[in-house]
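Trainee: For reference, the file my_file_23.cif (mmCIF, C-alpha atoms) is included below:
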```cif
data_start
loop_
_atom_site.group_PDB
_atom_site.id
_atom_site.type_symbol
_atom_site.label_atom_id
_atom_site.label_comp_id
_atom_site.auth_asym_id
_atom_site.auth_seq_id
_atom_site.Cartn_x
_atom_site.Cartn_y
_atom_site.Cartn_z
ATOM 1 C CA MET P 1 -30.479 13.937 -46.107
ATOM 2 C CA ASN P 2 -33.151 11.305 -45.377
ATOM 3 C CA THR P 3 -30.497 8.600 -45.678
ATOM 4 C CA LEU P 4 -28.254 10.410 -43.206
ATOM 5 C CA ILE P 5 -31.128 10.784 -40.736
ATOM 6 C CA LYS P 6 -31.842 7.025 -40.901
ATOM 7 C CA LEU P 7 -28.152 6.282 -40.427
ATOM 8 C CA GLU P 8 -27.871 8.601 -37.419
ATOM 9 C CA VAL P 9 -30.965 7.135 -35.750
ATOM 10 C CA ALA P 10 -29.762 3.554 -36.321
ATOM 11 C CA ARG P 11 -26.316 4.350 -34.899
ATOM 12 C CA THR P 12 -27.806 5.917 -31.788
ATOM 13 C CA LEU P 13 -30.222 3.067 -31.129
ATOM 14 C CA ARG P 14 -27.335 0.592 -31.297
ATOM 15 C CA ASN P 15 -25.463 2.502 -28.590
ATOM 16 C CA LYS P 16 -26.714 0.697 -25.474
ATOM 17 C CA LYS P 17 -24.827 2.922 -23.036
ATOM 18 C CA PHE P 18 -26.257 6.074 -24.569
ATOM 19 C CA MET P 19 -29.782 4.647 -24.677
ATOM 20 C CA PHE P 20 -29.566 3.743 -20.976
ATOM 21 C CA PHE P 21 -28.597 7.254 -19.883
ATOM 22 C CA SER P 22 -31.055 9.021 -22.195
ATOM 23 C CA VAL P 23 -34.065 6.699 -21.812
ATOM 24 C CA LEU P 24 -33.874 4.666 -18.588
ATOM 25 C CA TYR P 25 -31.788 6.943 -16.365
ATOM 26 C CA PRO P 26 -34.323 9.848 -16.304
ATOM 27 C CA ALA P 27 -37.101 7.413 -15.362
ATOM 28 C CA ALA P 28 -34.927 5.997 -12.564
ATOM 29 C CA LEU P 29 -34.214 9.521 -11.301
ATOM 30 C CA TYR P 30 -37.940 10.247 -11.361
ATOM 31 C CA LEU P 31 -38.595 7.283 -9.067
ATOM 32 C CA LEU P 32 -35.722 8.307 -6.794
ATOM 33 C CA ILE P 33 -36.963 11.887 -6.399
ATOM 34 C CA ALA P 34 -40.740 11.481 -6.558
ATOM 35 C CA GLY P 35 -41.175 7.812 -5.639
ATOM 36 C CA GLY P 36 -42.030 8.485 -2.006
ATOM 37 C CA ALA P 37 -43.634 11.899 -2.482
ATOM 38 C CA SER P 38 -47.251 12.698 -1.752
ATOM 39 C CA GLU P 39 -49.623 12.525 -4.717
ATOM 40 C CA THR P 40 -51.827 15.311 -3.322
ATOM 41 C CA GLU P 41 -49.541 17.802 -1.539
ATOM 42 C CA LEU P 42 -48.575 20.796 -3.696
ATOM 43 C CA VAL P 43 -44.968 21.903 -4.037
ATOM 44 C CA LYS P 44 -44.277 25.332 -2.532
ATOM 45 C CA GLY P 45 -44.557 28.098 -5.098
ATOM 46 C CA THR P 46 -46.374 25.928 -7.640
ATOM 47 C CA HIS P 47 -49.820 24.486 -8.324
ATOM 48 C CA LEU P 48 -48.449 21.003 -8.926
ATOM 49 C CA THR P 49 -47.615 17.978 -6.805
ATOM 50 C CA LEU P 50 -44.028 16.725 -6.806
ATOM 51 C CA PRO P 51 -44.854 13.680 -8.993
ATOM 52 C CA LEU P 52 -46.412 15.998 -11.605
ATOM 53 C CA LEU P 53 -43.638 18.572 -11.390
ATOM 54 C CA MET P 54 -40.834 16.026 -11.650
ATOM 55 C CA MET P 55 -42.543 14.121 -14.465
ATOM 56 C CA VAL P 56 -42.088 17.113 -16.763
ATOM 57 C CA SER P 57 -38.616 17.840 -15.364
ATOM 58 C CA MET P 58 -37.291 14.319 -15.884
ATOM 59 C CA ALA P 59 -38.888 13.975 -19.315
ATOM 60 C CA SER P 60 -37.218 17.262 -20.280
ATOM 61 C CA PHE P 61 -33.944 16.120 -18.724
ATOM 62 C CA GLY P 62 -34.032 12.870 -20.698
ATOM 63 C CA ALA P 63 -34.800 14.674 -23.948
ATOM 64 C CA ILE P 64 -31.908 17.085 -23.387
ATOM 65 C CA THR P 65 -29.597 14.155 -22.671
ATOM 66 C CA ALA P 66 -30.588 12.522 -25.952
ATOM 67 C CA VAL P 67 -30.153 15.596 -28.151
ATOM 68 C CA LEU P 68 -27.296 17.448 -26.451
ATOM 69 C CA VAL P 69 -24.775 15.068 -24.903
ATOM 70 C CA GLY P 70 -24.556 12.397 -27.592
ATOM 71 C CA GLN P 71 -24.945 14.930 -30.387
ATOM 72 C CA SER P 72 -22.012 17.163 -29.473
ATOM 73 C CA GLU P 73 -19.602 14.314 -28.788
ATOM 74 C CA ARG P 74 -20.511 12.473 -31.978
ATOM 75 C CA ILE P 75 -19.999 15.522 -34.186
ATOM 76 C CA ALA P 76 -16.653 16.411 -32.591
ATOM 77 C CA LYS P 77 -15.370 12.865 -33.112
ATOM 78 C CA GLU P 78 -16.676 12.749 -36.682
ATOM 79 C CA ARG P 79 -14.768 15.925 -37.461
ATOM 80 C CA GLU P 80 -11.530 14.456 -36.120
ATOM 81 C CA LYS P 81 -11.966 11.187 -38.005
ATOM 82 C CA GLY P 82 -12.661 12.972 -41.288
ATOM 83 C CA TRP P 83 -16.257 11.764 -41.681
ATOM 84 C CA VAL P 84 -17.600 15.301 -42.039
ATOM 85 C CA ARG P 85 -14.959 16.055 -44.677
ATOM 86 C CA GLN P 86 -16.086 12.973 -46.614
ATOM 87 C CA LEU P 87 -19.714 14.117 -46.480
ATOM 88 C CA ARG P 88 -18.709 17.448 -47.976
ATOM 89 C CA LEU P 89 -17.568 15.577 -51.081
ATOM 90 C CA THR P 90 -21.119 14.322 -51.625
ATOM 91 C CA ALA P 91 -24.157 16.224 -52.888
ATOM 92 C CA LEU P 92 -25.308 16.824 -49.301
ATOM 93 C CA PRO P 93 -25.353 20.604 -48.634
ATOM 94 C CA GLY P 94 -24.135 22.028 -45.346
ATOM 95 C CA ARG P 95 -27.643 22.955 -44.207
ATOM 96 C CA GLY P 96 -28.697 19.371 -44.991
ATOM 97 C CA TYR P 97 -26.036 17.995 -42.644
ATOM 98 C CA VAL P 98 -27.060 20.287 -39.797
ATOM 99 C CA THR P 99 -30.762 19.601 -40.416
ATOM 100 C CA ALA P 100 -30.144 15.842 -40.468
ATOM 101 C CA LYS P 101 -28.292 16.007 -37.153
ATOM 102 C CA VAL P 102 -31.044 18.014 -35.466
ATOM 103 C CA ALA P 103 -33.836 15.858 -36.939
ATOM 104 C CA SER P 104 -32.226 12.543 -35.978
ATOM 105 C CA ALA P 105 -31.617 13.794 -32.437
ATOM 106 C CA ALA P 106 -35.253 14.855 -32.133
ATOM 107 C CA VAL P 107 -36.420 11.389 -33.203
ATOM 108 C CA VAL P 108 -34.267 9.704 -30.559
ATOM 109 C CA SER P 109 -35.509 12.021 -27.790
ATOM 110 C CA LEU P 110 -39.088 10.748 -28.045
ATOM 111 C CA PRO P 111 -38.547 7.398 -26.207
ATOM 112 C CA SER P 112 -37.032 9.160 -23.186
ATOM 113 C CA ILE P 113 -40.152 11.308 -22.843
ATOM 114 C CA VAL P 114 -42.592 8.429 -23.235
ATOM 115 C CA VAL P 115 -40.807 6.147 -20.738
ATOM 116 C CA VAL P 116 -40.923 8.802 -17.992
ATOM 117 C CA PHE P 117 -44.628 9.368 -18.652
ATOM 118 C CA VAL P 118 -45.379 5.636 -18.494
ATOM 119 C CA VAL P 119 -43.486 5.246 -15.202
ATOM 120 C CA ALA P 120 -45.247 8.288 -13.704
ATOM 121 C CA ALA P 121 -48.672 6.983 -14.707
ATOM 122 C CA ALA P 122 -47.994 3.419 -13.548
ATOM 123 C CA VAL P 123 -46.146 4.063 -10.284
ATOM 124 C CA LYS P 124 -47.400 7.474 -9.103
ATOM 125 C CA HIS P 125 -50.863 7.251 -10.704
ATOM 126 C CA VAL P 126 -50.465 10.506 -12.611
ATOM 127 C CA ARG P 127 -53.704 11.323 -14.412
ATOM 128 C CA PHE P 128 -55.121 14.290 -16.322
ATOM 129 C CA ASP P 129 -58.678 15.494 -16.739
ATOM 130 C CA ALA P 130 -58.370 15.454 -20.544
ATOM 131 C CA ALA P 131 -56.552 13.073 -22.868
ATOM 132 C CA TRP P 132 -55.306 15.982 -24.978
ATOM 133 C CA GLN P 133 -52.981 16.977 -22.139
ATOM 134 C CA TRP P 134 -50.887 13.822 -22.615
ATOM 135 C CA VAL P 135 -50.621 14.481 -26.353
ATOM 136 C CA ALA P 136 -49.883 18.181 -25.927
ATOM 137 C CA LEU P 137 -47.343 17.464 -23.184
ATOM 138 C CA THR P 138 -45.480 14.949 -25.326
ATOM 139 C CA PHE P 139 -45.433 17.254 -28.331
ATOM 140 C CA ALA P 140 -44.323 20.315 -26.333
ATOM 141 C CA ILE P 141 -41.373 18.559 -24.702
ATOM 142 C CA TRP P 142 -40.406 16.804 -27.930
ATOM 143 C CA ALA P 143 -40.587 19.989 -30.032
ATOM 144 C CA GLY P 144 -38.731 21.996 -27.392
ATOM 145 C CA SER P 145 -35.831 19.542 -27.454
ATOM 146 C CA ILE P 146 -34.929 20.840 -30.928
ATOM 147 C CA VAL P 147 -33.531 23.957 -29.236
ATOM 148 C CA PHE P 148 -30.962 21.847 -27.381
ATOM 149 C CA ALA P 149 -30.287 19.709 -30.440
ATOM 150 C CA ALA P 150 -29.139 22.878 -32.200
ATOM 151 C CA LEU P 151 -26.957 23.685 -29.182
ATOM 152 C CA GLY P 152 -25.438 20.204 -29.423
ATOM 153 C CA VAL P 153 -24.492 20.793 -33.069
ATOM 154 C CA ALA P 154 -22.880 24.119 -32.170
ATOM 155 C CA ILE P 155 -20.823 22.585 -29.343
ATOM 156 C CA GLY P 156 -19.757 19.734 -31.629
ATOM 157 C CA TYR P 157 -18.243 22.240 -34.052
ATOM 158 C CA LEU P 158 -16.828 24.473 -31.332
ATOM 159 C CA ALA P 159 -14.906 21.898 -29.298
ATOM 160 C CA THR P 160 -12.277 19.308 -30.149
ATOM 161 C CA GLY P 161 -12.760 15.605 -29.497
ATOM 162 C CA ASP P 162 -10.838 15.779 -26.205
ATOM 163 C CA ALA P 163 -12.530 18.921 -24.908
ATOM 164 C CA VAL P 164 -16.104 18.286 -26.027
ATOM 165 C CA ARG P 165 -17.118 16.033 -23.124
ATOM 166 C CA PRO P 166 -16.168 18.374 -20.227
ATOM 167 C CA ILE P 167 -17.579 21.400 -22.064
ATOM 168 C CA THR P 168 -20.847 19.574 -22.758
ATOM 169 C CA MET P 169 -21.105 18.280 -19.180
ATOM 170 C CA ILE P 170 -20.627 21.749 -17.688
ATOM 171 C CA ILE P 171 -23.341 23.199 -19.936
ATOM 172 C CA TYR P 172 -25.573 20.147 -19.490
ATOM 173 C CA PHE P 173 -25.493 20.061 -15.680
ATOM 174 C CA GLY P 174 -25.511 23.839 -15.383
ATOM 175 C CA LEU P 175 -28.630 24.234 -17.505
ATOM 176 C CA SER P 176 -30.347 21.309 -15.760
ATOM 177 C CA ALA P 177 -29.702 22.713 -12.266
ATOM 178 C CA LEU P 178 -30.508 26.344 -13.076
ATOM 179 C CA GLY P 179 -33.601 25.374 -15.037
ATOM 180 C CA GLY P 180 -35.068 23.523 -12.066
ATOM 181 C CA LEU P 181 -35.052 20.100 -13.715
ATOM 182 C CA TRP P 182 -33.626 18.348 -10.655
ATOM 183 C CA PHE P 183 -35.348 20.253 -7.861
ATOM 184 C CA PRO P 184 -37.917 23.064 -7.506
ATOM 185 C CA THR P 185 -36.439 26.558 -7.634
ATOM 186 C CA ALA P 186 -39.137 28.222 -5.506
ATOM 187 C CA SER P 187 -36.814 28.205 -2.475
ATOM 188 C CA PHE P 188 -34.094 30.124 -4.326
ATOM 189 C CA PRO P 189 -33.548 33.843 -3.526
ATOM 190 C CA SER P 190 -35.803 36.144 -5.521
ATOM 191 C CA TRP P 191 -32.901 37.670 -7.489
ATOM 192 C CA VAL P 192 -31.764 34.178 -8.542
ATOM 193 C CA GLN P 193 -35.300 33.288 -9.647
ATOM 194 C CA LYS P 194 -35.387 36.390 -11.859
ATOM 195 C CA ILE P 195 -32.246 35.185 -13.629
ATOM 196 C CA ILE P 196 -33.545 31.628 -13.890
ATOM 197 C CA GLU P 197 -36.636 32.846 -15.752
ATOM 198 C CA TRP P 198 -34.407 33.546 -18.775
ATOM 199 C CA VAL P 199 -32.592 30.199 -18.734
ATOM 200 C CA PRO P 200 -33.740 28.013 -21.677
ATOM 201 C CA THR P 201 -34.258 24.903 -19.545
ATOM 202 C CA HIS P 202 -36.578 26.833 -17.209
ATOM 203 C CA ALA P 203 -38.720 27.984 -20.140
ATOM 204 C CA TYR P 204 -38.587 24.451 -21.541
ATOM 205 C CA ALA P 205 -39.931 22.863 -18.346
ATOM 206 C CA ALA P 206 -42.507 25.655 -17.993
ATOM 207 C CA LEU P 207 -44.141 24.558 -21.264
ATOM 208 C CA GLY P 208 -45.063 21.195 -19.777
ATOM 209 C CA GLN P 209 -45.999 22.576 -16.377
ATOM 210 C CA ALA P 210 -48.530 24.931 -17.973
ATOM 211 C CA ILE P 211 -50.103 22.072 -19.920
ATOM 212 C CA GLU P 212 -50.287 19.936 -16.769
ATOM 213 C CA GLN P 213 -52.434 22.664 -15.211
ATOM 214 C CA GLY P 214 -54.716 22.668 -18.261
ATOM 215 C CA ASN P 215 -53.362 25.949 -19.637
ATOM 216 C CA ALA P 216 -51.629 26.929 -22.859
ATOM 217 C CA PRO P 217 -47.862 27.531 -22.600
ATOM 218 C CA HIS P 218 -47.000 31.115 -21.744
ATOM 219 C CA LEU P 219 -45.992 33.308 -24.665
ATOM 220 C CA LYS P 220 -42.895 34.463 -22.762
ATOM 221 C CA ASP P 221 -41.585 30.898 -22.417
ATOM 222 C CA VAL P 222 -42.262 30.108 -26.070
ATOM 223 C CA SER P 223 -40.547 33.343 -27.135
ATOM 224 C CA ILE P 224 -37.498 32.581 -24.996
ATOM 225 C CA LEU P 225 -37.121 29.142 -26.557
ATOM 226 C CA VAL P 226 -37.569 30.493 -30.089
ATOM 227 C CA GLY P 227 -34.940 33.130 -29.362
ATOM 228 C CA TYR P 228 -32.456 30.542 -28.108
ATOM 229 C CA LEU P 229 -33.207 28.324 -31.122
ATOM 230 C CA VAL P 230 -32.290 31.174 -33.459
ATOM 231 C CA ILE P 231 -29.080 31.829 -31.500
ATOM 232 C CA PHE P 232 -28.017 28.175 -31.278
ATOM 233 C CA ALA P 233 -28.930 27.351 -34.891
ATOM 234 C CA GLY P 234 -27.157 30.501 -36.098
ATOM 235 C CA ALA P 235 -24.057 29.590 -34.090
ATOM 236 C CA ALA P 236 -24.131 26.034 -35.467
ATOM 237 C CA ALA P 237 -24.377 27.305 -39.053
ATOM 238 C CA TRP P 238 -21.541 29.813 -38.553
ATOM 239 C CA LEU P 239 -19.282 27.236 -36.893
ATOM 240 C CA TYR P 240 -20.013 24.756 -39.684
ATOM 241 C CA ARG P 241 -18.999 27.313 -42.327
ATOM 242 C CA ARG P 242 -15.860 28.159 -40.352
ATOM 243 C CA ASP P 243 -14.967 24.487 -40.118
ATOM 244 C CA THR P 244 -15.532 24.130 -43.868
ATOM 245 C CA GLN P 245 -13.148 26.994 -44.615
ATOM 246 C CA LYS P 246 -10.459 25.425 -42.436
ATOM 247 C CA ALA P 247 -10.850 22.118 -44.296
#
```
For the structure just supplied, provide its representation as structure tokens.
Mentor:
Amino acid sequence: MNTLIKLEVARTLRNKKFMFFSVLYPAALYLLIAGGASETELVKGTHLTLPLLMMVSMASFGAITAVLVGQSERIAKEREKGWVRQLRLTALPGRGYVTAKVASAAVVSLPSIVVVFVVAAAVKHVRFDAAWQWVALTFAIWAGSIVFAALGVAIGYLATGDAVRPITMIIYFGLSALGGLWFPTASFPSWVQKIIEWVPTHAYAALGQAIEQGNAPHLKDVSILVGYLVIFAGAAAWLYRRDTQKA
């Protein structure tokens, strides 16, 4: 399993196009959205400035890009090419394959988070009262990305090679928009905001926003993410077993 993780990480890092969209693109979006924003004016409905709010949003967006988009497409193509069938002939158990995919995706998501933080600190002078907030923020966003890595594995086993990209893009953009990763959701109607509270990307971004304010993440947000992790990981395991039976 360790060998497979190293292989997956090396393959991803060699993919320049993927690395651009998962690492540099979120930082560029951050500058586009928050570059000219005030560093002191609070966003309506929040206790954060736009540079602070979008720093967490774009770091989360980049992490999701790294673990969801590339993950699902790679697995679907590997299934069609017979690579997964070849791995089944080795001593690697099914849970080892799924674990390796999730772990390698989580490793790759870290650079996207760090780059956004560096850009925010250098260009928009983002600072915190305590150094632990930077560490806690990085860990929270990185750990939370595992939820979407599991979703990526499930989609990779659900869709064919031709269908995986549009399916992933619909889920990817839908979750990003509904979760408030591109723009604040405070202006949405109240009934829409009540629905958004249960979207995994909203809970994901809320982890970092709480830490930015010097607070611990809310138990509700953590519980929502844990619940989705169980659902996505369970779906991935079931779809893997179904794919094995077909083979």
Trainee: Please evaluate the PyMOL selection byres ((chain P and resi 225) around 8) against the displayed coordinates and give the resulting residues as a ChimeraX atom specification.
Mentor: /P:144,147,200,203-204,221-224,226-229
Trainee: Just to confirm, what's the straight-line distance from atom CA of Ala210 of chain P to atom CA of Ala105 of chain P in Å (one decimal)?
Mentor: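 These two atoms are separated by 24.9 Å.
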Trainee: Per residue of segment 84-196 of chain P within 10 Å of segment 45-57 of chain P, which atom pair is closest and at what distance in Å (one decimal), using all atoms listed in the file, listed by chain and increasing number, as a Markdown table?
Mentor:
```
| residue | atom | partner | partner_atom | distance |
| --- | --- | --- | --- | --- |
| P:Ile113 | CA | P:Val56 | CA | 8.6 |
| P:Val116 | CA | P:Met55 | CA | 6.6 |
| P:Phe117 | CA | P:Met55 | CA | 6.7 |
| P:Val118 | CA | P:Met55 | CA | 9.8 |
| P:Val119 | CA | P:Met55 | CA | 9.0 |
| P:Ala120 | CA | P:Met55 | CA | 6.5 |
| P:Ala121 | CA | P:Met55 | CA | 9.4 |
| P:Val123 | CA | P:Pro51 | CA | 9.8 |
| P:Lys124 | CA | P:Pro51 | CA | 6.7 |
| P:His125 | CA | P:Pro51 | CA | 9.0 |
| P:Val126 | CA | P:Leu52 | CA | 6.9 |
| P:Arg127 | CA | P:Leu52 | CA | 9.1 |
| P:Leu137 | CA | P:Val56 | CA | 8.3 |
| P:Thr138 | CA | P:Val56 | CA | 9.5 |
| P:Ile141 | CA | P:Val56 | CA | 8.1 |
| P:Ser176 | CA | P:Ser57 | CA | 9.0 |
| P:Gly179 | CA | P:Ser57 | CA | 9.1 |
| P:Gly180 | CA | P:Ser57 | CA | 7.5 |
| P:Leu181 | CA | P:Ser57 | CA | 4.5 |
| P:Trp182 | CA | P:Ser57 | CA | 6.9 |
| P:Phe183 | CA | P:Met54 | CA | 7.9 |
| P:Pro184 | CA | P:Leu53 | CA | 8.2 |
| P:Thr185 | CA | P:Gly45 | CA | 8.6 |
| P:Ala186 | CA | P:Gly45 | CA | 5.4 |
| P:Ser187 | CA | P:Gly45 | CA | 8.2 |
```
Trainee: Can you spell out as number ranges by chain the set of residues that the PyMOL selection byres ((chain P and resi 152-154) around 10) selects in the structure I just provided?
Mentor: P: 64-76, 98-99, 101-102, 105, 146-151, 155-159, 168, 172, 231-240
Trainee: Which distance in Å separates atom CA of Thr160 of chain P and atom CA of Gly82 of chain P, to one decimal?
Mentor: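 Atom CA of Gly82 of chain P lies 12.8 Å from atom CA of Thr160 of chain P.
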Trainee: For a quick check of understanding, using all atoms listed in the file, which of P:Trp132, P:Leu7, P:Arg14, P:Ala27 has the smallest distance to Ile211 of chain P?
Mentor: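 Of P:Trp132, P:Leu7, P:Arg14, P:Ala27, the one nearest Ile211 of chain P, counting all atoms listed in the file, is P:Trp132.
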Trainee: Just give me the gap between atom CA of Gly161 of chain P and atom CA of Tyr25 of chain P in Å, one decimal is fine.
Mentor: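 Separating atom CA of Gly161 of chain P from atom CA of Tyr25 of chain P is a distance of 24.7 Å.
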Trainee: Looking at all atoms listed in the file, which of P:Ala206, P:Leu178, P:Val114, P:Gly62 is the one that sits closest to Gln193 of chain P?
Mentor: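 Selected residue with least distance to Gln193 of chain P: P:Leu178.
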Trainee: For Gly214 of chain P, which residue among P:Gln133, P:Thr3, P:Ser190, P:Ser112 is the nearest when counting all atoms listed in the file?
Mentor: P:Gln133
Trainee: Let me make sure I understand: among P:Val115, P:Leu42, P:Pro217, P:Lys77, which one has the smallest atom-to-atom distance to Ala28 of chain P if we use all atoms listed in the file?
Mentor: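 Counting all atoms listed in the file, the residue closest to Ala28 of chain P is P:Val115.
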Trainee: P:Val23, P:Val135, P:Ala106, P:Val164: which is nearest Phe61 of chain P, counting all atoms listed in the file?
Mentor: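 Nearest to Phe61 of chain P: P:Val23.
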